[in-house]
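Novice: For reference, the file work.cif (mmCIF, C-alpha atoms) is included below:
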```cif
data_data
loop_
_atom_site.label_atom_id
_atom_site.label_comp_id
_atom_site.auth_asym_id
_atom_site.auth_seq_id
_atom_site.Cartn_x
_atom_site.Cartn_y
_atom_site.Cartn_z
CA MET X 1 95.89 95.64 55.04
CA ALA X 2 96.62 94.19 58.47
CA ASP X 3 95.92 97.03 60.89
CA ALA X 4 93.71 95.63 63.67
CA ALA X 5 96.35 96.27 66.36
CA GLN X 6 96.77 99.90 65.35
CA ARG X 7 93.03 100.43 65.48
CA LEU X 8 92.83 98.75 68.89
CA GLN X 9 95.72 100.81 70.20
CA GLY X 10 93.96 103.99 69.10
CA LEU X 11 90.75 103.00 70.86
CA PHE X 12 92.56 102.12 74.09
CA THR X 13 94.36 105.46 73.95
CA GLN X 14 91.06 107.30 73.60
CA LEU X 15 89.42 105.39 76.45
CA LEU X 16 92.36 105.68 78.87
CA GLY X 17 93.32 109.22 77.93
CA ALA X 18 96.89 108.05 77.26
CA PRO X 19 98.60 105.33 75.21
CA PRO X 20 98.39 101.93 76.93
CA PRO X 21 101.70 100.81 78.50
CA VAL X 22 101.69 97.43 76.74
CA ARG X 23 102.07 96.29 73.18
CA VAL X 24 99.10 94.83 71.28
CA ARG X 25 99.22 92.00 68.74
CA ALA X 26 96.01 91.16 66.89
CA TRP X 27 94.73 88.04 65.15
CA ASP X 28 95.77 89.44 61.74
CA GLY X 29 99.44 89.56 62.78
CA SER X 30 99.56 93.35 63.19
CA GLN X 31 101.31 94.87 66.20
CA ALA X 32 101.30 98.29 67.83
CA GLY X 33 102.61 99.87 70.99
CA PRO X 34 105.93 100.50 72.74
CA PRO X 35 108.72 98.22 71.42
CA GLY X 36 110.01 95.76 74.00
CA ALA X 37 106.96 96.09 76.24
CA PRO X 38 104.92 93.04 77.30
CA THR X 39 102.38 92.10 74.66
CA LEU X 40 98.63 91.74 75.02
CA VAL X 41 97.64 89.13 72.42
CA VAL X 42 94.13 89.46 70.99
CA ARG X 43 93.72 86.02 69.44
CA ASN X 44 90.40 86.53 67.69
CA ARG X 45 87.52 88.92 67.08
CA ARG X 46 85.47 87.16 69.75
CA ALA X 47 87.57 88.95 72.39
CA LEU X 48 86.28 92.28 71.06
CA ARG X 49 82.68 91.10 71.17
CA ARG X 50 83.14 90.10 74.79
CA LEU X 51 84.40 93.58 75.60
CA LEU X 52 81.61 95.27 73.67
CA TRP X 53 78.89 93.28 75.41
CA LYS X 54 80.53 93.47 78.86
CA PRO X 55 82.79 96.53 78.90
CA GLY X 56 85.35 96.53 81.68
CA GLU X 57 86.76 93.83 83.89
CA LEU X 58 84.14 91.12 83.31
CA GLY X 59 84.56 91.29 79.54
CA LEU X 60 88.32 91.09 79.89
CA ALA X 61 88.00 88.19 82.34
CA ARG X 62 85.76 86.24 79.99
CA ALA X 63 88.18 86.77 77.11
CA TRP X 64 91.13 85.65 79.27
CA VAL X 65 89.43 82.55 80.65
CA ALA X 66 88.24 81.50 77.18
CA GLY X 67 91.74 81.95 75.74
CA ASP X 68 90.68 84.83 73.46
CA LEU X 69 93.23 87.06 75.20
CA ASP X 70 96.72 86.17 76.32
CA ILE X 71 99.88 87.84 77.60
CA GLU X 72 103.38 87.39 76.24
CA GLY X 73 106.15 88.48 78.54
CA ASP X 74 106.31 88.61 82.32
CA LEU X 75 102.80 88.24 83.71
CA TYR X 76 103.48 90.27 86.86
CA THR X 77 105.06 93.12 84.91
CA THR X 78 102.11 93.24 82.54
CA LEU X 79 99.55 93.23 85.32
CA ASP X 80 101.55 95.83 87.21
CA LEU X 81 101.67 98.11 84.17
CA LEU X 82 97.97 97.73 83.46
CA ALA X 83 96.94 98.04 87.09
CA GLY X 84 99.13 101.08 87.62
CA ASP X 85 97.66 102.76 84.58
CA ILE X 86 94.21 102.42 86.14
CA TRP X 87 94.88 102.73 89.90
CA GLU X 88 97.20 105.70 89.71
CA ARG X 89 94.55 107.69 87.89
CA GLY X 90 92.20 107.14 90.82
CA GLU X 91 89.13 109.36 90.86
CA ASP X 92 90.47 111.44 87.96
CA ALA X 93 90.14 108.59 85.48
CA ARG X 94 87.50 109.12 82.83
CA THR X 95 84.57 106.81 83.13
CA LEU X 96 83.22 104.98 80.12
CA ALA X 97 80.17 107.26 80.14
CA GLN X 98 82.40 110.34 80.04
CA ALA X 99 84.51 108.87 77.28
CA LEU X 100 81.45 108.13 75.18
CA ARG X 101 80.66 111.86 75.07
CA ASP X 102 83.81 112.32 73.02
CA PRO X 103 82.98 112.14 69.26
CA GLU X 104 86.37 110.54 68.53
CA VAL X 105 85.72 107.78 71.08
CA ARG X 106 82.25 107.13 69.67
CA SER X 107 83.78 106.91 66.23
CA ALA X 108 86.45 104.51 67.45
CA ILE X 109 83.85 102.28 69.11
CA ARG X 110 81.82 102.17 65.92
CA GLY X 111 84.97 101.04 64.19
CA LEU X 112 85.50 98.43 66.89
CA VAL X 113 81.96 97.15 66.35
CA ARG X 114 82.69 96.75 62.65
CA LEU X 115 86.01 95.06 63.47
CA ALA X 116 84.36 92.64 65.91
CA GLY X 117 82.16 91.05 63.25
CA SER X 118 79.08 89.18 64.43
CA PRO X 119 76.78 91.28 66.64
CA LEU X 120 75.78 88.29 68.77
CA PRO X 121 77.27 88.08 72.31
CA PRO X 122 79.54 85.07 72.94
CA ALA X 123 78.41 82.73 75.68
CA PRO X 124 80.32 83.13 78.96
CA PRO X 125 82.99 80.49 79.65
CA PRO X 126 81.60 77.50 81.57
CA GLU X 127 83.86 78.33 84.54
CA GLU X 128 81.78 81.43 85.31
CA ALA X 129 79.49 81.23 88.32
CA ARG X 130 75.96 82.03 87.28
CA SER X 131 74.27 85.04 88.91
CA PRO X 132 76.76 85.21 91.80
CA ARG X 133 75.23 88.29 93.42
CA ARG X 134 71.63 87.06 93.67
CA HIS X 135 71.92 85.80 97.19
CA LEU X 136 72.31 87.19 100.68
CA HIS X 137 74.61 84.53 102.10
CA THR X 138 72.02 81.97 102.98
CA LYS X 139 73.36 78.62 104.09
CA ARG X 140 72.41 77.10 100.76
CA SER X 141 74.02 79.82 98.64
CA ASP X 142 77.17 79.83 100.76
CA ARG X 143 77.46 76.06 100.37
CA ARG X 144 77.14 76.43 96.59
CA ALA X 145 79.75 79.22 96.50
CA ILE X 146 82.23 77.23 98.57
CA SER X 147 81.74 74.22 96.32
CA HIS X 148 82.42 76.35 93.22
CA HIS X 149 85.79 77.37 94.61
CA TYR X 150 87.02 74.39 96.60
CA ASP X 151 85.46 71.29 95.06
CA VAL X 152 87.63 71.36 91.94
CA GLY X 153 89.82 68.42 92.89
CA ASN X 154 92.26 67.97 95.74
CA ASP X 155 94.95 66.91 93.26
CA PHE X 156 94.82 70.37 91.71
CA TYR X 157 95.21 72.06 95.09
CA GLU X 158 98.16 69.82 95.87
CA ILE X 159 99.90 71.26 92.79
CA VAL X 160 99.28 74.85 93.88
CA LEU X 161 99.64 74.64 97.65
CA GLY X 162 102.31 71.99 98.03
CA PRO X 163 102.64 69.49 100.89
CA SER X 164 101.42 71.94 103.56
CA MET X 165 97.95 72.17 101.93
CA VAL X 166 97.42 75.54 103.58
CA TYR X 167 95.35 77.95 101.50
CA SER X 168 96.08 81.22 103.26
CA CYS X 169 98.94 83.64 103.70
CA ALA X 170 102.20 82.09 104.93
CA TYR X 171 104.52 83.79 107.43
CA TRP X 172 108.01 84.38 106.06
CA ASP X 173 111.31 84.89 107.86
CA SER X 174 112.79 85.85 104.50
CA PRO X 175 111.90 85.49 100.81
CA ASP X 176 114.44 82.63 100.68
CA SER X 177 112.45 80.45 103.10
CA THR X 178 110.54 77.50 101.69
CA LEU X 179 106.78 77.67 101.30
CA GLU X 180 106.40 74.66 103.60
CA GLN X 181 108.45 76.30 106.37
CA ALA X 182 106.59 79.59 106.01
CA GLN X 183 103.23 77.85 106.28
CA HIS X 184 104.41 75.89 109.32
CA ASP X 185 105.48 79.18 110.90
CA LYS X 186 102.07 80.73 110.17
CA LEU X 187 100.22 77.89 111.85
CA GLU X 188 102.56 78.08 114.84
CA LEU X 189 102.06 81.86 115.01
CA VAL X 190 98.28 81.36 115.20
CA CYS X 191 98.64 78.75 117.94
CA ARG X 192 100.89 81.01 120.00
CA LYS X 193 98.58 83.98 119.66
CA LEU X 194 95.72 81.80 120.83
CA GLY X 195 97.81 80.61 123.77
CA LEU X 196 96.93 76.98 123.13
CA SER X 197 97.82 74.41 125.78
CA PRO X 198 97.12 70.68 126.28
CA GLY X 199 93.53 69.79 127.13
CA GLN X 200 91.94 72.86 125.56
CA ARG X 201 89.23 72.78 122.88
CA LEU X 202 89.82 74.62 119.60
CA LEU X 203 87.21 75.39 116.95
CA ASP X 204 88.76 75.87 113.49
CA VAL X 205 86.21 77.69 111.33
CA GLY X 206 86.76 77.02 107.65
CA CYS X 207 89.25 74.26 108.39
CA GLY X 208 90.23 73.60 104.77
CA TRP X 209 92.28 70.44 104.32
CA GLY X 210 92.92 70.09 108.06
CA SER X 211 96.40 71.62 108.36
CA MET X 212 95.61 73.97 111.26
CA ALA X 213 93.70 71.28 113.15
CA ILE X 214 96.53 68.77 112.76
CA HIS X 215 99.23 71.26 113.76
CA ALA X 216 97.32 72.42 116.85
CA ALA X 217 96.52 68.88 118.03
CA ARG X 218 99.96 67.43 117.31
CA GLU X 219 102.13 70.33 118.53
CA HIS X 220 99.97 71.81 121.30
CA GLY X 221 97.92 68.87 122.60
CA VAL X 222 94.48 70.41 122.04
CA SER X 223 91.25 68.79 120.89
CA VAL X 224 89.96 70.30 117.65
CA VAL X 225 86.66 70.55 115.82
CA GLY X 226 87.16 71.71 112.25
CA VAL X 227 84.21 72.80 110.11
CA THR X 228 84.03 73.29 106.34
CA LEU X 229 81.30 73.42 103.72
CA SER X 230 83.43 71.54 101.19
CA GLN X 231 82.86 67.81 100.91
CA GLU X 232 86.19 67.32 99.13
CA GLN X 233 88.12 69.25 101.78
CA ALA X 234 86.49 67.28 104.58
CA ALA X 235 87.27 63.91 103.00
CA TYR X 236 90.89 64.91 102.45
CA ALA X 237 91.24 66.33 105.97
CA ARG X 238 89.79 63.20 107.61
CA LYS X 239 92.24 61.02 105.69
CA ARG X 240 95.16 63.15 106.87
CA VAL X 241 93.91 63.09 110.45
CA ALA X 242 93.71 59.30 110.36
CA GLU X 243 97.21 59.02 108.88
CA GLU X 244 98.53 61.21 111.70
CA GLY X 245 96.84 59.01 114.32
CA LEU X 246 94.84 61.94 115.67
CA THR X 247 91.26 60.74 115.23
CA ASP X 248 90.78 60.78 119.01
CA ARG X 249 91.56 64.52 119.12
CA ILE X 250 90.30 65.92 115.81
CA GLU X 251 86.79 65.90 114.39
CA ILE X 252 86.23 67.25 110.88
CA ARG X 253 82.65 68.22 110.07
CA VAL X 254 80.85 69.35 106.94
CA GLN X 255 78.94 72.04 108.77
CA ASP X 256 78.04 75.72 108.50
CA TYR X 257 79.64 77.74 111.29
CA ARG X 258 76.15 79.03 112.12
CA ASP X 259 75.11 75.49 113.04
CA VAL X 260 77.87 74.81 115.58
CA ARG X 261 76.16 74.33 118.95
CA ASP X 262 78.64 72.48 121.14
CA GLY X 263 80.50 75.37 122.76
CA PRO X 264 82.04 76.73 124.76
CA TYR X 265 85.50 76.50 123.21
CA ASP X 266 88.73 77.74 124.71
CA ALA X 267 89.85 79.23 121.40
CA ILE X 268 88.65 79.78 117.83
CA SER X 269 90.76 80.13 114.71
CA SER X 270 89.21 81.57 111.56
CA ILE X 271 91.87 81.70 108.85
CA GLY X 272 90.88 82.99 105.43
CA MET X 273 87.22 82.21 106.00
CA ALA X 274 85.62 85.52 106.97
CA GLU X 275 85.93 86.85 103.41
CA HIS X 276 83.09 84.46 102.51
CA VAL X 277 80.73 85.75 105.23
CA GLY X 278 79.42 88.87 103.47
CA ALA X 279 79.26 92.41 104.80
CA ASP X 280 75.61 92.17 105.79
CA ARG X 281 76.24 88.97 107.76
CA TYR X 282 79.47 89.94 109.47
CA LEU X 283 77.98 91.00 112.79
CA GLU X 284 76.05 87.71 112.86
CA TYR X 285 79.38 85.92 112.29
CA ALA X 286 81.06 87.86 115.11
CA ASP X 287 78.13 87.31 117.48
CA GLY X 288 78.13 83.59 116.75
CA LEU X 289 81.83 83.15 117.45
CA TYR X 290 81.57 85.23 120.62
CA ASP X 291 78.80 82.95 121.91
CA LEU X 292 80.90 79.86 121.18
CA LEU X 293 83.85 81.05 123.28
CA LYS X 294 84.11 80.64 127.01
CA PRO X 295 84.90 83.78 129.06
CA GLY X 296 88.60 84.47 128.62
CA GLY X 297 88.68 82.56 125.32
CA ARG X 298 90.55 83.95 122.33
CA LEU X 299 89.65 84.40 118.67
CA LEU X 300 92.27 84.69 115.92
CA ASN X 301 90.62 86.15 112.82
CA HIS X 302 92.93 86.04 109.77
CA GLN X 303 91.29 88.01 106.96
CA ILE X 304 92.02 89.83 103.69
CA ALA X 305 91.03 93.51 103.76
CA ARG X 306 90.52 96.18 101.14
CA ARG X 307 91.46 99.82 101.38
CA PRO X 308 88.65 102.11 102.59
CA GLN X 309 87.05 104.44 100.07
CA ARG X 310 86.16 108.08 100.62
CA ASP X 311 82.63 107.24 99.57
CA GLU X 312 81.88 103.69 100.68
CA THR X 313 78.60 103.68 98.76
CA THR X 314 80.62 103.45 95.53
CA TYR X 315 82.34 100.19 96.53
CA GLU X 316 81.76 97.35 94.08
CA VAL X 317 82.85 93.75 94.37
CA ASP X 318 85.61 92.79 91.94
CA ALA X 319 83.78 91.36 88.91
CA PHE X 320 86.42 88.80 87.94
CA ILE X 321 86.85 87.36 91.43
CA ASP X 322 83.11 87.38 92.06
CA SER X 323 82.32 85.53 88.85
CA TYR X 324 85.23 83.10 88.64
CA VAL X 325 86.96 82.74 92.00
CA PHE X 326 84.95 83.53 95.14
CA PRO X 327 81.25 83.93 94.27
CA GLY X 328 79.64 86.04 96.94
CA GLY X 329 82.93 86.95 98.59
CA GLU X 330 83.30 90.46 99.98
CA LEU X 331 86.20 92.41 101.44
CA GLN X 332 85.95 95.19 103.98
CA PRO X 333 88.49 97.55 105.59
CA VAL X 334 90.25 96.20 108.67
CA GLY X 335 88.76 99.06 110.71
CA VAL X 336 85.27 97.80 109.93
CA THR X 337 86.23 94.28 110.97
CA VAL X 338 87.65 95.49 114.28
CA SER X 339 84.58 97.63 114.93
CA LEU X 340 82.16 94.75 114.30
CA LEU X 341 84.14 92.38 116.51
CA GLU X 342 83.97 94.98 119.28
CA ARG X 343 80.22 95.42 118.75
CA ALA X 344 79.84 91.67 119.26
CA GLY X 345 81.51 92.03 122.67
CA PHE X 346 85.13 91.13 121.88
CA GLU X 347 88.08 93.04 123.24
CA VAL X 348 90.52 93.44 120.34
CA ARG X 349 94.03 92.95 121.70
CA ASP X 350 96.25 92.91 118.64
CA VAL X 351 96.12 93.66 114.90
CA GLU X 352 99.05 92.55 112.76
CA SER X 353 99.29 93.34 109.07
CA ILE X 354 101.15 90.70 107.07
CA ARG X 355 100.42 92.13 103.61
CA GLU X 356 103.89 91.54 102.13
CA HIS X 357 103.76 87.94 103.30
CA TYR X 358 100.76 87.24 101.09
CA ALA X 359 102.48 88.62 98.01
CA LEU X 360 105.36 86.20 98.63
CA THR X 361 102.92 83.32 99.17
CA LEU X 362 100.99 83.99 95.98
CA ARG X 363 104.12 84.17 93.89
CA GLN X 364 105.12 80.75 95.22
CA TRP X 365 101.69 79.35 94.34
CA VAL X 366 101.92 80.75 90.80
CA THR X 367 105.39 79.26 90.39
CA ARG X 368 104.10 75.85 91.44
CA LEU X 369 101.14 76.09 89.07
CA GLU X 370 103.27 77.12 86.11
CA ALA X 371 105.83 74.38 86.82
CA ASP X 372 103.12 71.70 86.55
CA TRP X 373 100.87 73.48 84.07
CA LYS X 374 100.07 70.53 81.79
CA ARG X 375 98.90 68.38 84.68
CA ALA X 376 96.87 71.25 86.16
CA VAL X 377 95.09 71.66 82.82
CA GLN X 378 94.43 67.92 82.66
CA LEU X 379 92.91 67.98 86.14
CA THR X 380 90.69 71.05 85.85
CA GLY X 381 90.60 72.12 82.19
CA PRO X 382 92.41 75.06 80.55
CA GLY X 383 89.80 77.65 81.55
CA ARG X 384 89.97 77.03 85.28
CA ALA X 385 93.76 76.79 85.22
CA ARG X 386 93.85 80.19 83.49
CA VAL X 387 91.48 81.58 86.14
CA TRP X 388 93.85 80.54 88.88
CA ARG X 389 96.99 81.81 87.19
CA LEU X 390 95.49 85.25 86.57
CA TYR X 391 93.78 85.47 89.96
CA MET X 392 96.87 84.62 91.99
CA ALA X 393 99.26 86.77 89.95
CA ALA X 394 96.90 89.76 90.01
CA CYS X 395 96.41 89.40 93.76
CA ALA X 396 100.18 89.27 94.29
CA VAL X 397 100.49 92.61 92.50
CA ALA X 398 97.55 94.03 94.47
CA PHE X 399 99.18 93.11 97.79
CA GLU X 400 102.51 94.55 96.67
CA ARG X 401 100.85 97.80 95.63
CA ASN X 402 98.87 98.03 98.90
CA ARG X 403 95.55 97.84 97.10
CA ILE X 404 94.54 95.05 99.47
CA GLY X 405 95.99 93.77 102.73
CA VAL X 406 95.70 90.86 105.13
CA ASN X 407 95.49 91.10 108.91
CA GLN X 408 95.49 88.85 111.93
CA VAL X 409 93.13 90.24 114.54
CA LEU X 410 93.46 88.72 118.03
CA ALA X 411 90.40 89.24 120.21
CA VAL X 412 89.32 88.04 123.64
CA ARG X 413 85.94 87.36 125.18
CA ALA X 414 86.87 89.13 128.39
CA PRO X 415 85.09 87.89 131.54
CA GLU X 416 83.14 90.23 133.82
CA SER X 417 86.20 90.62 136.00
CA GLY X 418 87.97 92.26 133.07
CA GLU X 419 90.95 89.91 133.30
CA SER X 420 91.91 89.18 129.71
CA GLY X 421 94.45 86.48 130.46
CA MET X 422 96.86 88.18 128.08
CA PRO X 423 100.52 88.71 129.03
CA LEU X 424 101.61 92.28 129.73
CA ARG X 425 103.86 92.09 126.70
CA ALA X 426 101.74 90.23 124.20
CA ARG X 427 104.12 90.13 121.25
CA THR X 428 106.20 87.33 122.70
CA TRP X 429 105.29 85.16 119.67
CA ASN X 430 107.65 87.18 117.51
#
```
Could you write out this file's structure as structure tokens?
Specialist:
Amino acid sequence: MADAAQRLQGLFTQLLGAPPPVRVRAWDGSQAGPPGAPTLVVRNRRALRRLLWKPGELGLARAWVAGDLDIEGDLYTTLDLLAGDIWERGEDARTLAQALRDPEVRSAIRGLVRLAGSPLPPAPPPEEARSPRRHLHTKRSDRRAISHHYDVGNDFYEIVLGPSMVYSCAYWDSPDSTLEQAQHDKLELVCRKLGLSPGQRLLDVGCGWGSMAIHAAREHGVSVVGVTLSQEQAAYARKRVAEEGLTDRIEIRVQDYRDVRDGPYDAISSIGMAEHVGADRYLEYADGLYDLLKPGGRLLNHQIARRPQRDETTYEVDAFIDSYVFPGGELQPVGVTVSLLERAGFEVRDVESIREHYALTLRQWVTRLEADWKRAVQLTGPGRARVWRLYMAACAVAFERNRIGVNQVLAVRAPESGESGMPLRARTWN
């Protein structure tokens, strides 16, 4: 009798303490759960073995990337339902260890083991970064992590990001704006906050495909040094710079920010890069940028932040993102970022949260990916395309639910005189 879905639904109910908010369809054709709800499709028994060997998010991620699990229905709605079921329980949610004390749960898991078949663990999908936490952000390990994420083909990123080739949160006048306009407005916002003017020198840390460097040089007349650890990004950025006729004002380097020695600069932009630095290295990062700025110079640090926890010792890096998206990446609360910048000597002048803007940006990226799905799969393979679809959609939901945020922190290396060079009313860029 086909009953795998009913058995799975019962196990999920026991583990969560309540029926799951989605429907389940198993490989034997059975279905269970609320009618009309989005459906979690368990395509084969291998998905169960992945969950048994790696309970929790990593097991689910492996099953998703490998195609053992799928979702039918609106992806955002499904992720929202599943995320809400977990997040809203907060600290009251039963841990796996607590659940295993329940005889009914132990019985259900024994049944799941029998249902899963072979006791051998499936190999992780090839898209998984091996041992991502076994480093302390050395230059070598950071270079490898950046390559894992960015050196997957510029053609693929063109599908996702569009003509702007900006891989960070856009700045939206309204949800009806185009992605290209919103990214242009974000770059202009950064330039205005930095107070760029002709003849100045700008260091763009983590320059990506060169969009910030090109905008700053073309629209504000500055000279720019952009640094990245990605060979593919650098090659693409140099080609764009040449096409724009800006080779006399823009230099793109494959270089670790810790190796930049040709300061001082009038301004530094760091957009979506600091998440790669690592918590233990963040003060080193802040110190290094401070030393590269001239007195009176400005830093614009654009960075994703997580919500603080009551007990920070319990914080764990997201297993899916760490293994498949940003190996070695770490988020910290915006208050920690501000504090470390101040410890380095900066005067923090402005903090702007643009959390909702990132949700809008991610939804646009997902739409672009889905619209050209076949080509994306041809370019990167089905596993990596599935990584990106899940990652971006889940992050959009996380930003909308205020589980994570993104902030632009404007800081100044104030001279001994104390004159910051900032206008009395700084928010003139709005």
Novice: Identify which of the residues X:Ala216, X:Val160, X:Leu299, X:Ala411 lies closest to X:Val241, counting only C-alpha atoms when measuring atom-to-atom distances.
Specialist: X:Ala216
Novice: Quick check on the file I pasted: which residues fall under the PyMOL selection byres ((chain X and resi 320) around 7)? Write them as a PDB file with C-alpha atoms, in the coordinates of the input.
Specialist:
```pdb
ATOM      1  CA  GLU X  57      86.760  93.830  83.890  1.00  0.00           C
ATOM      2  CA  LEU X  58      84.140  91.120  83.310  1.00  0.00           C
ATOM      3  CA  ALA X  61      88.000  88.190  82.340  1.00  0.00           C
ATOM      4  CA  ASP X 318      85.610  92.790  91.940  1.00  0.00           C
ATOM      5  CA  ALA X 319      83.780  91.360  88.910  1.00  0.00           C
ATOM      6  CA  ILE X 321      86.850  87.360  91.430  1.00  0.00           C
ATOM      7  CA  ASP X 322      83.110  87.380  92.060  1.00  0.00           C
ATOM      8  CA  SER X 323      82.320  85.530  88.850  1.00  0.00           C
ATOM      9  CA  TYR X 324      85.230  83.100  88.640  1.00  0.00           C
TER      10      TYR X 324
END
```
Novice: Please provide as a ChimeraX atom specification all residues within 10 Å of stretch 349-356 of chain X, with the sequence filter that same-chain residues fewer than 6 positions apart are discarded (counting all atoms listed in the file).
Specialist: /X:169-172,193,298,300-305,334,338,396,398-412,420,422,426-427
Novice: Tell me which residues the PyMOL selection byres ((chain X and resi 167) around 12) grabs here, as a tab-separated table (two decimals) with C-alpha atoms, keeping the file's coordinate frame.
Specialist:
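Wrote selection22.tsv, looks like this:
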```
chain	number	residue	atom	x	y	z
X	149	HIS	CA	85.79	77.37	94.61
X	150	TYR	CA	87.02	74.39	96.60
X	154	ASN	CA	92.26	67.97	95.74
X	157	TYR	CA	95.21	72.06	95.09
X	158	GLU	CA	98.16	69.82	95.87
X	159	ILE	CA	99.90	71.26	92.79
X	160	VAL	CA	99.28	74.85	93.88
X	161	LEU	CA	99.64	74.64	97.65
X	162	GLY	CA	102.31	71.99	98.03
X	163	PRO	CA	102.64	69.49	100.89
X	164	SER	CA	101.42	71.94	103.56
X	165	MET	CA	97.95	72.17	101.93
X	166	VAL	CA	97.42	75.54	103.58
X	168	SER	CA	96.08	81.22	103.26
X	169	CYS	CA	98.94	83.64	103.70
X	170	ALA	CA	102.20	82.09	104.93
X	179	LEU	CA	106.78	77.67	101.30
X	180	GLU	CA	106.40	74.66	103.60
X	183	GLN	CA	103.23	77.85	106.28
X	186	LYS	CA	102.07	80.73	110.17
X	187	LEU	CA	100.22	77.89	111.85
X	206	GLY	CA	86.76	77.02	107.65
X	207	CYS	CA	89.25	74.26	108.39
X	208	GLY	CA	90.23	73.60	104.77
X	209	TRP	CA	92.28	70.44	104.32
X	210	GLY	CA	92.92	70.09	108.06
X	211	SER	CA	96.40	71.62	108.36
X	212	MET	CA	95.61	73.97	111.26
X	233	GLN	CA	88.12	69.25	101.78
X	271	ILE	CA	91.87	81.70	108.85
X	272	GLY	CA	90.88	82.99	105.43
X	273	MET	CA	87.22	82.21	106.00
X	302	HIS	CA	92.93	86.04	109.77
X	358	TYR	CA	100.76	87.24	101.09
X	361	THR	CA	102.92	83.32	99.17
X	362	LEU	CA	100.99	83.99	95.98
X	364	GLN	CA	105.12	80.75	95.22
X	365	TRP	CA	101.69	79.35	94.34
X	392	MET	CA	96.87	84.62	91.99
```
Novice: Rounded to one decimal, what separation in Å do you get between atom CA of X:Leu229 and atom CA of X:Ala274?
Specialist: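 For atom CA of X:Leu229 relative to atom CA of X:Ala274, the distance reads 13.3 Å.
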Novice: Please evaluate the PyMOL selection byres ((chain X and resi 287-296) around 10) against the structure above and give the resulting residues as a ChimeraX atom specification.
Specialist: /X:201-203,205,257-270,282-286,297-299,340-346,411-422
Novice: Provide the atom CA of X:Arg45 to atom CA of X:Asp70 distance in Å, to one decimal place.
Specialist: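 Computing it gives 13.3 Å between the two atoms.
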Novice: With all atoms listed in the file as the atoms that count, which of X:Arg238, X:Val222, X:Thr178, X:Ala394 lies nearest to X:Cys191?
Specialist: X:Val222
Novice: Tell me, as JSON, numbers by chain, which residues lie within 8 Å of X:Ala217, counting only C-alpha atoms; anything in the same chain fewer than 4 positions away does not count.
Specialist: {"X": [213, 221, 222, 223, 224, 246, 249, 250]}
Novice: Take atom CA of X:Leu424 and atom CA of X:Val190 and report the distance between them in Å, one decimal.
Specialist: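 Atom CA of X:Val190 lies at a distance of 18.5 Å from atom CA of X:Leu424.
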Novice: Name all residues at most 8 Å from X:Thr78 (count only C-alpha atoms; drop same-chain ones fewer than 3 positions away) and give them as a PyMOL selection string.
Specialist: chain X and resi 22+38-39+71+73-75+81-82
Novice: Could you list, as a PyMOL selection string, every residue within 9 Å of X:Asp173, counting all atoms listed in the file and ignoring same-chain residues fewer than 4 positions away?
Specialist: chain X and resi 177+182+185
Novice: What's the 7 Å shell around X:Glu330, counting all atoms listed in the file, without same-chain residues fewer than 5 positions away, as a PyMOL selection string?
Specialist: chain X and resi 275-276+278-279+317
Novice: Counting all atoms listed in the file, which of X:Ala4, X:Ala393, X:Val24, X:Leu112 gets nearest to X:Glu370?
Specialist: X:Ala393
Novice: Using all atoms listed in the file, can you tell me which of X:Arg7, X:Arg140, X:Arg386, X:Arg130 comes closest to X:Ala63?
Specialist: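 Using all atoms listed in the file, X:Ala63 sits closest to X:Arg386.
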